[in-house]
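Note sheet for the following structure.
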Amino acid sequence: MIRTSEPPGDDYLIRCRKLGHEVAFFYCRSESGGLPCSKTIDCWYDHFLVEDLLRRELKPEEWDRVFVAPTRPKMVTLVDLIEQAKRSDKV
């Protein structure tokens, strides 16, 4: 099988590690405010040459924002959300 940088069709689904259910590539490529999910390459590398495609599509600063910048651990995000909810509850 020859792998290409063309994504599979919208009917081709894989399990999303973040959501826990199946999604198509079109969701992953714009999940983060119009930018790809930071896990897109990890999730799709077995299915097609996803990194090649994304490097062509993204500007260097977008690539860095998604794939180079450190992501916040889930626990930190959860604690922040809990603190925000506590503050808004007092208003």
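Letters A, B, ... mark the chains of the structure tokens in the order given; residue numbers begin at 1 per chain; ligand numbers begin at 1, in order shown.
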
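Residues lying within 9 Å of A:Phe26, counting only C-alpha atoms and ignoring same-chain neighbours fewer than 2 positions away, are Pro7, Gly9, Asp10, Val23, Ala24, Cys28, Arg29, Ser30 and Glu31 of chain A.
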
Can you list, as a compact mmCIF listing (two decimals) with C-alpha atoms, in the first residue's frame, every protein, DNA or RNA residue that comes within 12 Å of A:Cys43 when you count only C-alpha atoms, leaving out same-chain residues fewer than 3 positions away?
# COMPACT_ATOMS: atom_id res chain seq x y z
CA LEU A 13 -13.39 7.40 11.14
CA ILE A 14 -10.85 6.69 13.86
CA ARG A 15 -11.16 6.80 17.64
CA CYS A 16 -10.41 10.23 19.13
CA ARG A 17 -8.13 9.99 22.16
CA LYS A 18 -9.55 13.20 23.60
CA GLU A 22 -14.91 8.13 16.45
CA VAL A 23 -14.23 11.22 14.37
CA ALA A 24 -13.25 12.02 10.80
CA PHE A 25 -10.07 13.87 9.90
CA CYS A 28 -9.19 16.93 13.88
CA ARG A 29 -7.77 19.45 11.42
CA PRO A 36 -5.56 21.16 14.25
CA CYS A 37 -5.77 19.27 17.51
CA SER A 38 -2.31 18.83 19.05
CA LYS A 39 -2.77 15.04 18.84
CA THR A 40 -3.60 14.98 15.12
CA ASP A 46 -0.84 5.22 10.59
CA HIS A 47 -3.55 6.21 8.13
CA PHE A 48 -1.78 8.68 5.81
CA LEU A 49 1.16 11.12 5.69
CA VAL A 50 -0.58 13.57 7.97
CA GLU A 51 2.53 15.51 8.96

Exercise for the section: Could you tell me, as a list in words, which residues of chain A DSSP assigns to strand (DSSP E) when given the backbone? Expected result: Leu13, Ile14, Arg15, Glu22, Val23 and Ala24 of chain A

Give me a file of those residues, with all heavy atoms, as a compact mmCIF listing (two decimals), in the first residue's frame.
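Below is the file selection35.txt, written as the result:
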# COMPACT_ATOMS: atom_id res chain seq x y z
N LEU A 13 -13.41 6.95 9.75
CA LEU A 13 -13.39 7.40 11.14
C LEU A 13 -12.35 6.63 11.94
O LEU A 13 -12.12 5.44 11.71
CB LEU A 13 -14.76 7.17 11.79
CG LEU A 13 -15.96 7.79 11.08
CD1 LEU A 13 -17.25 7.38 11.77
CD2 LEU A 13 -15.85 9.30 11.03
N ILE A 14 -11.72 7.34 12.89
CA ILE A 14 -10.85 6.69 13.86
C ILE A 14 -11.26 7.17 15.26
O ILE A 14 -11.95 8.18 15.40
CB ILE A 14 -9.34 6.97 13.61
CG1 ILE A 14 -9.00 8.44 13.84
CG2 ILE A 14 -8.93 6.50 12.24
CD1 ILE A 14 -7.51 8.72 13.89
N ARG A 15 -10.80 6.45 16.27
CA ARG A 15 -11.16 6.80 17.64
C ARG A 15 -10.35 8.02 18.09
O ARG A 15 -9.13 8.06 17.98
CB ARG A 15 -10.87 5.64 18.58
CG ARG A 15 -11.32 5.91 19.99
CD ARG A 15 -11.11 4.71 20.89
NE ARG A 15 -11.63 4.94 22.21
CZ ARG A 15 -11.01 5.68 23.15
NH1 ARG A 15 -9.86 6.24 22.88
NH2 ARG A 15 -11.57 5.84 24.33
N GLU A 22 -15.48 8.03 17.79
CA GLU A 22 -14.91 8.13 16.45
C GLU A 22 -15.16 9.49 15.81
O GLU A 22 -16.22 10.08 15.99
CB GLU A 22 -15.49 7.02 15.56
CG GLU A 22 -15.04 5.64 16.01
CD GLU A 22 -15.50 4.56 15.07
OE1 GLU A 22 -16.55 4.71 14.42
OE2 GLU A 22 -14.78 3.55 14.96
N VAL A 23 -14.14 9.95 15.09
CA VAL A 23 -14.23 11.22 14.37
C VAL A 23 -13.54 11.07 13.01
O VAL A 23 -12.70 10.21 12.82
CB VAL A 23 -13.57 12.39 15.14
CG1 VAL A 23 -14.29 12.68 16.44
CG2 VAL A 23 -12.10 12.13 15.40
N ALA A 24 -13.90 11.95 12.11
CA ALA A 24 -13.25 12.02 10.80
C ALA A 24 -12.12 13.04 10.87
O ALA A 24 -12.07 13.90 11.76
CB ALA A 24 -14.28 12.44 9.74

Handout entry: Gap from atom CA of A:Asp11 to atom CA of A:Asp42 - Å, one decimal
Key = 19.8 Å

Exercise for the section: Considering only C-alpha atoms, return as a ChimeraX atom specification whatever protein or nucleic-acid residues lie within 9 Å of A:Leu53, sequence-local ones (same chain, fewer than 5 positions apart) excluded. Expected result: /A:5-7,58

Kindly save the residues from that selection, with N, CA and C atoms included, as a PDB file, in the first residue's frame.
ATOM      1  N   SER A   5      -0.136  11.813   1.138  1.00  0.00           N
ATOM      2  CA  SER A   5      -0.478  12.870   2.076  1.00  0.00           C
ATOM      3  C   SER A   5      -1.924  13.330   1.889  1.00  0.00           C
ATOM      4  N   GLU A   6      -2.681  12.598   1.106  1.00  0.00           N
ATOM      5  CA  GLU A   6      -4.108  12.888   0.948  1.00  0.00           C
ATOM      6  C   GLU A   6      -4.885  12.259   2.101  1.00  0.00           C
ATOM      7  N   PRO A   7      -5.686  13.047   2.798  1.00  0.00           N
ATOM      8  CA  PRO A   7      -6.452  12.462   3.902  1.00  0.00           C
ATOM      9  C   PRO A   7      -7.550  11.543   3.381  1.00  0.00           C
ATOM     10  N   LEU A  58      -0.199  24.585   7.125  1.00  0.00           N
ATOM     11  CA  LEU A  58      -0.059  25.531   8.236  1.00  0.00           C
ATOM     12  C   LEU A  58       1.108  26.484   8.027  1.00  0.00           C
TER      13      LEU A  58
END

Fill in the blank from the handout: Counting only C-alpha atoms, the residue among A:Met75, A:Leu19, A:Ser32, A:Leu81 that lies closest to A:Glu62 is A:Ser32

Practice task
Measure the distance from atom CA of A:Gly20 to atom CA of A:Ile41 in Å and round it to one decimal.
Solution key: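 Result for atom CA of A:Gly20 versus atom CA of A:Ile41: 16.8 Å, one decimal.
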
Practice task
Please indicate the distance in Å from atom CA of A:Leu54 to atom CA of A:Gly33, rounded to one decimal place.
Solution key: 15.5 Å

Practice task
Write down as a ChimeraX atom specification the residues of chain A whose backbone DSSP state falls under alpha helix (DSSP H).
Solution key: /A:25-28,40-44,50-57,60-63,74-90

Residues from last step as file, C-alpha atoms, as a short mmCIF file (atom, residue, chain, number, x, y, z; two decimals), in the first residue's frame:
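Okay, this is what ended up in part-v1.cif:
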data_model
loop_
_atom_site.label_atom_id
_atom_site.label_comp_id
_atom_site.auth_asym_id
_atom_site.auth_seq_id
_atom_site.Cartn_x
_atom_site.Cartn_y
_atom_site.Cartn_z
CA PHE A 25 -10.07 13.87 9.90
CA PHE A 26 -11.95 17.07 9.05
CA TYR A 27 -12.81 17.43 12.75
CA CYS A 28 -9.19 16.93 13.88
CA THR A 40 -3.60 14.98 15.12
CA ILE A 41 -0.22 13.65 14.02
CA ASP A 42 -0.16 10.97 16.74
CA CYS A 43 -3.66 9.80 15.88
CA TRP A 44 -3.46 9.84 12.08
CA VAL A 50 -0.58 13.57 7.97
CA GLU A 51 2.53 15.51 8.96
CA ASP A 52 3.34 16.24 5.31
CA LEU A 53 -0.16 17.57 4.73
CA LEU A 54 -0.20 19.76 7.85
CA ARG A 55 3.26 21.19 7.19
CA ARG A 56 2.03 22.29 3.76
CA GLU A 57 -1.22 23.75 5.08
CA PRO A 60 5.22 28.15 10.62
CA GLU A 61 3.79 30.11 13.56
CA GLU A 62 0.60 28.01 13.47
CA TRP A 63 2.66 24.80 13.40
CA LYS A 74 -5.36 18.08 32.12
CA MET A 75 -5.10 18.39 35.89
CA VAL A 76 -3.97 22.03 35.66
CA THR A 77 -6.82 22.81 33.29
CA LEU A 78 -9.34 21.11 35.60
CA VAL A 79 -8.11 23.02 38.66
CA ASP A 80 -8.34 26.30 36.73
CA LEU A 81 -11.90 25.50 35.65
CA ILE A 82 -12.90 24.64 39.22
CA GLU A 83 -11.42 27.92 40.48
CA GLN A 84 -13.27 29.88 37.78
CA ALA A 85 -16.54 28.16 38.72
CA LYS A 86 -16.01 28.96 42.40
CA ARG A 87 -15.37 32.64 41.62
CA SER A 88 -18.39 32.95 39.33
CA ASP A 89 -20.58 31.23 41.92
CA LYS A 90 -19.78 33.98 44.45
#

Handout entry: Counting only C-alpha atoms, the residue of A:Tyr12, A:Val66, A:His21, A:Thr4 that sits nearest A:Gly34
Key =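 For A:Gly34, the nearest of the given residues is A:Val66.
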